[in-house]
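Colleague: Dropping in final_23.cif, with mmCIF, C-alpha atoms.
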data_coords
#
loop_
_atom_site.label_atom_id
_atom_site.label_comp_id
_atom_site.auth_asym_id
_atom_site.auth_seq_id
_atom_site.Cartn_x
_atom_site.Cartn_y
_atom_site.Cartn_z
CA MET A 1 93.09 288.98 163.46
CA THR A 2 89.84 287.42 162.24
CA THR A 3 86.76 286.12 164.00
CA ASP A 4 85.02 282.76 163.79
CA GLY A 5 81.47 284.11 163.90
CA THR A 6 81.18 283.89 167.67
CA GLY A 7 82.81 287.18 168.44
CA SER A 8 86.10 285.62 169.59
CA ASP A 9 89.38 286.37 167.91
CA LEU A 10 91.27 283.54 166.26
CA PRO A 11 95.07 283.61 166.77
CA GLU A 12 96.84 283.66 163.45
CA THR A 13 100.05 285.65 164.04
CA PRO A 14 103.06 283.98 165.68
CA ALA A 15 102.78 286.33 168.66
CA SER A 16 99.13 285.52 169.31
CA VAL A 17 99.60 281.77 168.79
CA ALA A 18 102.53 281.64 171.23
CA PRO A 19 100.45 281.36 174.47
CA VAL A 20 98.30 278.60 172.99
CA ALA A 21 101.37 276.82 171.69
CA GLN A 22 103.16 277.12 175.02
CA MET A 23 100.27 275.57 176.91
CA GLY A 24 99.72 272.91 174.25
CA GLU A 25 103.35 271.83 174.28
CA MET A 26 103.13 271.19 178.02
CA LEU A 27 100.50 268.47 177.52
CA PRO A 28 101.59 264.80 177.46
CA ASP A 29 99.00 263.99 174.76
CA GLY A 30 98.49 265.34 171.28
CA LEU A 31 96.32 268.47 171.01
CA VAL A 32 94.63 269.87 167.92
CA VAL A 33 92.51 273.05 168.10
CA VAL A 34 89.84 273.61 165.42
CA GLY A 35 88.07 276.96 165.02
CA GLY A 36 84.40 277.61 164.44
CA ASP A 37 85.13 277.95 160.73
CA ARG A 38 86.21 274.26 160.76
CA ARG A 39 89.84 275.10 160.08
CA ILE A 40 92.72 273.70 162.11
CA ARG A 41 94.30 276.49 164.17
CA PHE A 42 96.96 274.69 166.20
CA ALA A 43 98.61 271.29 166.65
CA ASN A 44 101.23 270.58 169.31
CA SER A 45 104.40 268.58 168.71
CA GLU A 46 102.98 265.38 170.19
CA ALA A 47 100.03 265.54 167.78
CA LEU A 48 102.41 265.99 164.86
CA ARG A 49 104.42 262.98 166.04
CA ILE A 50 101.35 260.79 166.41
CA LEU A 51 99.97 261.86 163.02
CA GLU A 52 103.39 261.60 161.35
CA CYS A 53 103.07 264.95 159.60
CA ASP A 54 104.43 268.52 159.62
CA ARG A 55 102.77 271.59 161.06
CA ALA A 56 102.21 272.98 157.56
CA ASP A 57 100.18 269.88 156.69
CA LEU A 58 97.57 270.80 159.33
CA GLU A 59 97.39 274.39 160.46
CA GLY A 60 95.10 276.56 158.38
CA ARG A 61 93.54 273.64 156.50
CA PRO A 62 89.88 272.55 156.75
CA LEU A 63 89.41 269.80 159.33
CA ASP A 64 88.14 267.19 156.88
CA GLU A 65 91.15 267.78 154.63
CA GLY A 66 93.87 268.05 157.27
CA LEU A 67 92.57 265.19 159.40
CA PRO A 68 90.48 262.87 157.21
CA PHE A 69 89.85 260.33 159.98
CA THR A 70 87.79 257.21 159.27
CA ASP A 71 86.21 254.81 161.75
CA LYS A 72 86.51 251.01 161.82
CA TYR A 73 83.73 250.76 159.22
CA GLY A 74 85.59 253.03 156.78
CA ARG A 75 83.17 255.94 157.22
CA ASP A 76 84.29 259.57 157.10
CA TRP A 77 84.44 260.35 160.80
CA TRP A 78 83.65 264.06 160.55
CA ALA A 79 80.67 263.45 158.30
CA HIS A 80 79.49 260.79 160.76
CA THR A 81 79.95 262.77 164.00
CA ASP A 82 79.60 266.38 162.63
CA PRO A 83 80.38 268.53 165.71
CA TRP A 84 78.68 271.63 164.25
CA ASN A 85 75.31 270.23 163.14
CA GLY A 86 74.53 267.69 165.85
CA LEU A 87 72.59 268.04 169.08
CA ALA A 88 73.32 271.28 170.91
CA SER A 89 73.67 269.36 174.19
CA ARG A 90 76.63 267.26 173.03
CA PRO A 91 79.85 268.10 174.96
CA GLY A 92 82.09 266.11 172.60
CA HIS A 93 82.84 262.42 172.20
CA ARG A 94 84.67 259.86 174.26
CA GLU A 95 87.82 258.11 173.17
CA LYS A 96 87.44 256.50 169.76
CA LEU A 97 89.86 254.32 167.83
CA LEU A 98 90.13 255.95 164.40
CA VAL A 99 92.33 255.52 161.35
CA ALA A 100 94.70 258.47 160.73
CA PRO A 101 95.55 259.82 157.26
CA LYS A 102 98.75 257.71 157.15
CA GLY A 103 96.72 254.54 157.79
CA HIS A 104 97.70 253.87 161.42
CA ASP A 105 95.33 253.75 164.39
CA VAL A 106 94.93 256.76 166.69
CA LEU A 107 92.85 257.22 169.85
CA VAL A 108 90.85 260.45 169.54
CA THR A 109 88.75 262.36 172.08
CA ALA A 110 86.90 265.64 171.42
CA ARG A 111 85.56 268.49 173.51
CA TYR A 112 83.14 270.95 171.94
CA ILE A 113 83.54 274.52 173.21
CA ARG A 114 80.31 276.49 172.65
CA SER A 115 79.77 280.25 172.60
CA GLU A 116 77.03 279.73 175.20
CA PRO A 117 75.10 276.77 176.65
CA GLY A 118 73.24 275.19 173.75
CA GLY A 119 74.90 277.62 171.33
CA ALA A 120 77.04 277.09 168.27
CA VAL A 121 80.37 275.26 168.49
CA ALA A 122 83.13 277.88 168.67
CA ARG A 123 86.06 275.50 169.12
CA VAL A 124 86.73 271.78 168.88
CA MET A 125 89.58 270.53 171.07
CA LEU A 126 90.91 267.17 169.89
CA GLY A 127 93.02 264.97 172.16
CA LEU A 128 95.21 262.37 170.40
CA ARG A 129 96.96 259.32 171.79
CA ASP A 130 99.12 256.71 170.17
CA ALA A 131 97.20 253.41 169.97
CA GLU A 132 100.33 251.26 170.06
CA ALA A 133 100.17 250.56 173.82
CA ARG A 134 96.52 249.50 173.65
CA GLN A 135 97.14 247.32 170.62
CA ARG A 136 100.07 245.71 172.40
CA ALA A 137 97.83 245.00 175.41
CA GLU A 138 95.22 243.48 173.11
CA ARG A 139 97.87 241.29 171.49
CA ASP A 140 99.05 240.17 174.93
CA GLN A 141 95.48 239.34 175.87
CA ALA A 142 95.07 237.33 172.67
CA THR A 143 98.31 235.49 173.50
CA VAL A 144 96.99 234.68 176.98
CA LEU A 145 93.74 233.30 175.58
CA SER A 146 95.60 231.26 172.97
CA THR A 147 98.00 229.83 175.56
CA VAL A 148 95.24 228.97 178.00
CA ALA A 149 93.15 227.33 175.27
CA HIS A 150 96.13 225.24 174.17
CA GLU A 151 97.04 224.17 177.71
CA LEU A 152 93.45 223.23 178.55
CA ARG A 153 92.80 221.39 175.31
CA ALA A 154 95.59 218.82 175.61
CA PRO A 155 94.60 217.28 178.98
CA LEU A 156 90.89 217.62 178.21
CA THR A 157 91.37 215.68 174.99
CA SER A 158 93.18 212.96 176.92
CA VAL A 159 90.53 212.78 179.65
CA THR A 160 87.68 212.69 177.11
CA GLY A 161 89.38 210.06 174.98
CA PHE A 162 90.22 207.67 177.81
CA THR A 163 86.85 207.98 179.57
CA SER A 164 85.05 207.38 176.27
CA SER A 165 87.15 204.29 175.59
CA LEU A 166 86.58 202.92 179.08
CA LEU A 167 82.83 203.46 178.94
CA ARG A 168 82.38 201.85 175.52
CA ARG A 169 84.96 199.04 175.66
CA TRP A 170 85.34 198.29 179.35
CA GLU A 171 85.31 194.50 178.90
CA ARG A 172 88.04 194.57 176.24
CA PHE A 173 90.71 196.07 178.49
CA THR A 174 92.78 194.19 181.03
CA ASP A 175 92.96 195.38 184.64
CA GLU A 176 96.48 196.71 184.02
CA GLN A 177 95.30 198.70 180.99
CA LYS A 178 92.35 200.11 182.94
CA ARG A 179 94.64 201.17 185.80
CA LEU A 180 97.02 202.90 183.39
CA MET A 181 94.18 204.79 181.70
CA ILE A 182 92.61 205.85 185.01
CA GLU A 183 96.01 207.00 186.31
CA THR A 184 96.44 209.07 183.13
CA ILE A 185 92.98 210.60 183.61
CA GLU A 186 93.86 211.48 187.22
CA ALA A 187 97.18 213.05 186.20
CA ASP A 188 95.57 215.15 183.47
CA ALA A 189 92.75 216.22 185.80
CA THR A 190 95.36 217.28 188.36
CA ARG A 191 97.18 219.22 185.65
CA LEU A 192 93.94 220.99 184.72
CA THR A 193 93.25 221.87 188.34
CA ARG A 194 96.76 223.24 188.77
CA LEU A 195 96.51 225.36 185.62
CA ILE A 196 93.14 226.80 186.64
CA THR A 197 94.51 227.54 190.12
CA GLU A 198 97.49 229.37 188.61
CA LEU A 199 95.23 231.42 186.36
CA LEU A 200 93.05 232.39 189.31
CA ASP A 201 96.14 233.28 191.33
CA ILE A 202 97.42 235.49 188.50
CA SER A 203 94.11 237.32 188.45
CA ARG A 204 94.23 237.83 192.23
CA LEU A 205 97.89 238.89 192.19
CA ASP A 206 97.33 241.41 189.41
CA SER A 207 94.37 242.92 191.24
CA ASP A 208 96.06 242.83 194.68
CA ASN A 209 93.21 240.62 195.87
CA LEU A 210 95.16 237.59 197.10
CA ASN A 211 94.17 236.44 200.58
CA LEU A 212 96.62 234.38 202.63
CA ARG A 213 95.37 231.99 205.31
CA ARG A 214 98.31 232.19 207.67
CA GLY A 215 99.07 229.86 210.50
CA PRO A 216 102.06 228.17 212.20
CA VAL A 217 104.09 226.21 209.66
CA ASP A 218 106.93 223.70 210.10
CA LEU A 219 108.52 224.08 206.68
CA HIS A 220 110.85 221.11 207.09
CA ALA A 221 107.95 218.78 207.91
CA LEU A 222 105.90 220.22 205.05
CA LEU A 223 108.65 219.64 202.47
CA SER A 224 109.47 216.20 203.87
CA LYS A 225 105.91 215.09 203.10
CA HIS A 226 106.27 216.73 199.70
CA MET A 227 109.40 214.69 198.97
CA VAL A 228 107.60 211.43 199.83
CA ARG A 229 104.94 212.18 197.21
CA TYR A 230 107.65 212.87 194.64
CA GLU A 231 109.45 209.62 195.39
CA LEU A 232 106.20 207.65 194.95
CA GLY A 233 105.84 208.91 191.38
CA ARG A 234 109.50 208.88 190.32
CA SER A 235 112.66 206.89 190.73
CA THR A 236 114.37 207.18 194.12
CA GLY A 237 116.85 210.04 194.39
CA THR A 238 115.20 212.34 191.83
CA VAL A 239 114.55 214.97 194.51
CA ARG A 240 116.62 215.37 197.68
CA LEU A 241 115.87 217.44 200.79
CA ARG A 242 118.62 218.52 203.17
CA LEU A 243 119.33 221.04 205.93
CA GLY A 244 121.96 223.75 205.70
CA VAL A 245 124.80 224.25 208.19
CA GLN A 246 122.98 226.64 210.54
CA ALA A 247 119.71 224.72 210.37
CA THR A 248 121.56 221.47 211.20
CA ALA A 249 123.14 223.08 214.25
CA ASP A 250 120.24 225.18 215.56
CA GLY A 251 117.14 223.83 213.82
CA LEU A 252 114.66 225.83 211.78
CA PRO A 253 112.41 228.51 213.28
CA GLU A 254 108.64 228.26 212.96
CA MET A 255 106.91 230.35 210.35
CA TRP A 256 103.58 232.18 210.16
CA ALA A 257 102.45 231.53 206.59
CA ASP A 258 99.86 230.00 204.29
CA THR A 259 100.60 226.26 204.13
CA ASP A 260 98.82 225.69 200.81
CA ARG A 261 100.63 228.62 199.18
CA LEU A 262 104.01 227.41 200.42
CA GLU A 263 103.33 223.99 198.93
CA GLN A 264 102.42 225.69 195.66
CA ILE A 265 105.62 227.75 195.67
CA PHE A 266 107.95 224.82 196.16
CA PHE A 267 105.95 222.45 193.96
CA ASN A 268 106.40 224.93 191.08
CA LEU A 269 110.11 225.39 191.78
CA ILE A 270 110.80 221.65 191.99
CA GLU A 271 108.72 220.96 188.87
CA ASN A 272 110.66 223.70 187.08
CA GLY A 273 113.94 222.05 188.03
CA LEU A 274 112.77 218.61 186.90
CA LEU A 275 111.33 219.92 183.65
CA HIS A 276 114.04 222.34 182.56
CA GLY A 277 117.06 221.07 184.45
CA ASP A 278 118.84 217.74 184.42
CA GLY A 279 119.76 215.07 186.97
CA ARG A 280 118.70 215.49 190.58
CA VAL A 281 116.93 218.44 192.17
CA THR A 282 118.26 219.36 195.62
CA VAL A 283 116.24 221.41 198.10
CA THR A 284 118.24 222.97 200.95
CA LEU A 285 116.65 224.59 204.02
CA ASP A 286 118.65 226.94 206.23
CA ARG A 287 118.34 229.82 208.65
CA GLY A 288 118.75 233.38 207.39
CA GLY A 289 119.20 236.82 208.86
CA GLU A 290 116.82 239.75 209.19
CA LEU A 291 114.29 240.22 206.41
CA ASP A 292 112.04 243.26 206.00
CA GLY A 293 111.64 243.91 209.72
CA SER A 294 111.49 240.24 210.71
CA PRO A 295 114.40 239.36 213.06
CA GLU A 296 115.14 236.12 211.20
CA SER A 297 114.22 234.29 208.05
CA VAL A 298 114.18 230.89 206.40
CA VAL A 299 116.21 230.41 203.21
CA VAL A 300 115.26 227.69 200.74
CA GLU A 301 117.53 226.87 197.79
CA VAL A 302 116.27 224.72 194.93
CA ASP A 303 119.16 223.50 192.75
CA ASP A 304 119.10 221.52 189.52
CA GLU A 305 121.91 220.03 187.45
CA GLY A 306 120.96 221.45 184.06
CA ASP A 307 122.55 224.14 181.91
CA GLY A 308 121.54 227.03 184.15
CA ILE A 309 119.87 230.29 183.17
CA PRO A 310 121.77 233.03 181.29
CA PRO A 311 122.15 236.25 183.33
CA ALA A 312 120.22 238.21 180.68
CA ASP A 313 117.15 236.00 181.22
CA ARG A 314 117.15 235.79 185.02
CA GLU A 315 114.60 238.55 185.46
CA LYS A 316 112.54 237.60 182.41
CA ILE A 317 111.78 234.11 183.70
CA PHE A 318 109.50 235.56 186.38
CA GLY A 319 107.30 237.24 183.77
CA ARG A 320 103.93 235.95 182.67
CA PHE A 321 103.94 233.33 179.88
CA TRP A 322 107.72 233.43 179.49
CA HIS A 323 108.82 230.10 178.05
CA GLY A 324 112.41 230.43 176.98
CA PRO A 325 113.77 228.42 174.04
CA SER A 326 112.19 225.10 175.10
CA ASN A 327 108.56 226.33 175.11
CA ALA A 328 107.79 223.26 177.23
CA SER A 329 105.58 224.85 179.89
CA THR A 330 102.75 227.32 180.36
CA GLY A 331 105.11 230.06 181.54
CA LEU A 332 102.87 230.66 184.57
CA GLY A 333 104.67 228.82 187.36
CA LEU A 334 107.52 231.19 188.15
CA TYR A 335 105.29 234.26 187.82
CA VAL A 336 103.01 232.75 190.47
CA VAL A 337 106.03 231.81 192.62
CA ARG A 338 107.28 235.39 192.76
CA GLY A 339 103.81 236.76 193.48
CA LEU A 340 103.17 234.30 196.32
CA VAL A 341 106.64 234.78 197.84
CA GLU A 342 106.28 238.57 197.80
CA ALA A 343 102.78 238.27 199.25
CA HIS A 344 104.43 236.57 202.25
CA GLY A 345 106.94 239.43 202.53
CA GLY A 346 109.78 237.38 201.05
CA THR A 347 112.08 237.50 198.04
CA VAL A 348 113.06 235.09 195.27
CA ARG A 349 115.99 235.24 192.89
CA VAL A 350 117.91 232.92 190.61
CA CYS A 351 121.67 232.37 190.29
CA ASP A 352 124.13 229.58 189.42
CA SER A 353 124.16 226.42 191.53
CA ASP A 354 127.32 224.63 192.64
CA ALA A 355 126.41 221.79 190.25
CA GLY A 356 126.38 224.19 187.30
CA GLY A 357 122.62 224.42 186.89
CA ALA A 358 120.15 226.97 188.20
CA ARG A 359 119.62 227.83 191.85
CA PHE A 360 116.40 229.49 193.01
CA VAL A 361 116.83 231.18 196.37
CA VAL A 362 113.67 231.92 198.36
CA ARG A 363 113.86 233.95 201.58
CA LEU A 364 110.77 234.05 203.80
CA PRO A 365 110.27 235.85 207.10
CA ALA A 366 110.27 233.51 210.12
CA GLY A 367 108.81 233.66 213.60
CA LEU A 368 105.28 233.79 214.98
CA PRO A 369 103.17 236.87 215.75
CA GLU A 370 103.62 238.43 219.18
CA ALA A 371 100.29 236.93 220.32
CA PHE A 372 101.90 233.47 220.02
CA GLY A 373 105.15 234.47 221.68
CA SER A 374 104.30 232.76 224.97
#
Represent the structure from my file as structure tokens, please.
Modeller:
Amino acid sequence: MTTDGTGSDLPETPASVAPVAQMGEMLPDGLVVVGGDRRIRFANSEALRILECDRADLEGRPLDEGLPFTDKYGRDWWAHTDPWNGLASRPGHREKLLVAPKGHDVLVTARYIRSEPGGAVARVMLGLRDAEARQRAERDQATVLSTVAHELRAPLTSVTGFTSSLLRRWERFTDEQKRLMIETIEADATRLTRLITELLDISRLDSDNLNLRRGPVDLHALLSKHMVRYELGRSTGTVRLRLGVQATADGLPEMWADTDRLEQIFFNLIENGLLHGDGRVTVTLDRGGELDGSPESVVVEVDDEGDGIPPADREKIFGRFWHGPSNASTGLGLYVVRGLVEAHGGTVRVCDSDAGGARFVVRLPAGLPEAFGS
């Protein structure tokens, strides 16, 4: 046994290292223990995995040789931070993204163990984490920003171009041309509003901060008005609304839900069918059984006549920014649909429709609160 100058023994034999090793191996993160003589005394298996090295490459070697970390500026980290010659009040350093000897990024924290308050550093405990998860999150964030920028730029360019043309050359355009340009501006402005709303909803869903303004809802009346708006902008028969067998016989129960959110749910589902499917989109309303404590439910099926969705992709389509092979949308709509449906206490899934395309099945709890029972 030897000492590190603080009066404490340093474990060097296998028997004396065993307790430290046993405790270190129980940790989920990498652990490296450095003695007061600046030599590495122990590294657990997770640290060896993260550093991509063997135990013999570390233990017993000076810290600056065994772990020659550099920061993002290329500086020698140990010369820069110097645990032994800095302020005596320093307890260590917070998580830092450093470059490991093999050239990959590692998240490193340090705790300085002193012989006494304000005394010399007797041990340095290094915590190591793989930076892959954080880098993946940063890449996802960059993808989100890139997607949002792209989706905002296209309609903004159209709105700017048409308004500029109208302001500068108003007299040169016919009334029909002016109407077409203004209609295009309105459509692109609506698209921008919808995209911004979806982004805000994603933020609220991810933070569990979505507020629903519930009230009595007649879903059949709501969707009937929705169909009229679709027919005004498209050829007749593009979207069809019908009642299922039980709803035809017994009618649909009232619902206690957020009207605006329900419109958003079914707008996204119908738009998805028109964009990615083929032929006509059919919306079927029917009564359902018990759902999550509610004695009855409303079932809405949205069918298209396209190629359908492969079973392997049926869960992926509800993820954020998932496009599929067409890459023809923002990839936000179905993610928002699932979040809003689940916020109402319902479920949504996708399967094959009778026409061979995709069928989205939404189940929502029905009935009014007990206070409205009379």
Colleague: Would you kindly translate the PyMOL selection byres ((chain A and resi 336-347) around 9) into the concrete residues it picks from this file, as a PyMOL selection string?
Modeller: chain A and resi 198-199+201-202+205-206+210-212+257-258+261-262+264-266+268-269+291-292+297+318+320+332-335+348-349+361-365
Colleague: Which residues fall under the PyMOL selection byres ((chain A and resi 252) around 8) in this file, as a ChimeraX atom specification?
Modeller: /A:220,247,250-251,253-254,286-287,298
Colleague: What gap, in Å, lies between CA of Leu223 (chain A) and CA of Asp303 (chain A)?
Modeller: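 CA of Leu223 (chain A) sits 14.8 Å away from CA of Asp303 (chain A).
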Colleague: What separation in Å, quoted to one decimal, exists between CA of Gly279 (chain A) and CA of Arg240 (chain A)?
Modeller: 11.2 Å
Colleague: I'd like the interatomic distance between CA of Arg90 (chain A) and CA of Asp105 (chain A), to a tenth of an Å.
Modeller: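 Taking CA of Arg90 (chain A) and CA of Asp105 (chain A), their separation equals 24.6 Å.
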Colleague: Please evaluate the PyMOL selection byres ((chain A and resi 191-196) around 9) against the structure above and give the resulting residues as a list in words.
Modeller: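 In the shown coordinates, the PyMOL selection byres ((chain A and resi 191-196) around 9) covers Val148, Glu151, Leu152, Pro155, Leu156, Glu186, Ala187, Asp188, Ala189, Thr190, Thr197, Glu198, Leu199, Leu200, Asp201, Thr330 and Leu332 of chain A.
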Colleague: Measuring atom to atom with all atoms listed in the file, identify which of A:Leu180, A:Met255, A:Ala149, A:Val239 is nearest to Phe162 (chain A).
Modeller: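 Looking only at the distances to Phe162 (chain A), the closest residue turns out to be A:Leu180.
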Colleague: At most 12 Å is the cut-off: for each residue in region 90-129 of chain A with any atom that close to an atom of region 43-61 of chain A, write down the nearest atom pair and the distance in Å rounded to one decimal, counting only C-alpha atoms, chain first then increasing number, as CSV.
Modeller:
residue,atom,partner,partner_atom,distance
A:Leu98,CA,A:Leu51,CA,11.6
A:Val99,CA,A:Leu51,CA,10.1
A:Ala100,CA,A:Leu51,CA,6.7
A:Pro101,CA,A:Leu51,CA,7.5
A:Lys102,CA,A:Leu51,CA,7.3
A:Gly103,CA,A:Leu51,CA,9.6
A:His104,CA,A:Leu51,CA,8.5
A:Asp105,CA,A:Leu51,CA,9.4
A:Val106,CA,A:Ile50,CA,7.6
A:Leu107,CA,A:Ile50,CA,9.8
A:Val108,CA,A:Ala47,CA,10.6
A:Met125,CA,A:Ala43,CA,10.1
A:Leu126,CA,A:Ala43,CA,9.3
A:Gly127,CA,A:Ala47,CA,8.3
A:Leu128,CA,A:Ala47,CA,6.3
A:Arg129,CA,A:Ile50,CA,7.1
Colleague: Looking at A:Val121, A:Val228, A:Ile40, A:Val302, which one is nearest to Asp64 (chain A), with distances taken over all atoms listed in the file?
Modeller: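 That would be A:Ile40, the residue with the smallest distance to Asp64 (chain A).
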Colleague: Name the closest residue to Ala122 (chain A) among the candidates A:Ala142, A:Ala79, A:Val34, A:Val159; distances are taken between atoms, counting all atoms listed in the file.
Modeller: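 So, comparing all the options, the nearest one is A:Val34.
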Colleague: With a distance cut-off of 12 Å and only C-alpha atoms, select the neighbouring residues of Tyr112 (chain A), excluding the residue or stretch itself and same-chain residues fewer than 2 positions from it, and output the selection as a PyMOL selection string.
Modeller: chain A and resi 33-36+81-94+109-110+114-127
Colleague: Step by step: locate region 252-273 of chain A in the block above, keep C-alpha atoms, then write the file as an mmCIF file, in the first residue's frame.
Modeller:
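Output below, filename result-v2.cif:
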data_model
loop_
_atom_site.group_PDB
_atom_site.id
_atom_site.type_symbol
_atom_site.label_atom_id
_atom_site.label_comp_id
_atom_site.auth_asym_id
_atom_site.auth_seq_id
_atom_site.Cartn_x
_atom_site.Cartn_y
_atom_site.Cartn_z
ATOM 1 C CA LEU A 252 -75.315 9.287 -32.076
ATOM 2 C CA PRO A 253 -74.833 10.212 -28.420
ATOM 3 C CA GLU A 254 -73.742 13.707 -27.449
ATOM 4 C CA MET A 255 -70.139 14.291 -26.545
ATOM 5 C CA TRP A 256 -68.317 16.497 -24.044
ATOM 6 C CA ALA A 257 -65.276 17.676 -25.984
ATOM 7 C CA ASP A 258 -63.363 20.601 -27.451
ATOM 8 C CA THR A 259 -65.100 21.534 -30.711
ATOM 9 C CA ASP A 260 -62.072 23.271 -32.237
ATOM 10 C CA ARG A 261 -59.799 20.325 -31.434
ATOM 11 C CA LEU A 262 -62.245 17.834 -32.932
ATOM 12 C CA GLU A 263 -62.348 19.872 -36.134
ATOM 13 C CA GLN A 264 -58.553 19.857 -36.166
ATOM 14 C CA ILE A 265 -58.417 16.083 -35.676
ATOM 15 C CA PHE A 266 -60.740 15.254 -38.543
ATOM 16 C CA PHE A 267 -59.434 18.002 -40.822
ATOM 17 C CA ASN A 268 -55.955 16.435 -40.519
ATOM 18 C CA LEU A 269 -57.257 12.914 -41.111
ATOM 19 C CA ILE A 270 -59.306 13.911 -44.169
ATOM 20 C CA GLU A 271 -56.435 15.974 -45.580
ATOM 21 C CA ASN A 272 -54.139 12.992 -45.044
ATOM 22 C CA GLY A 273 -56.505 10.773 -47.005
#
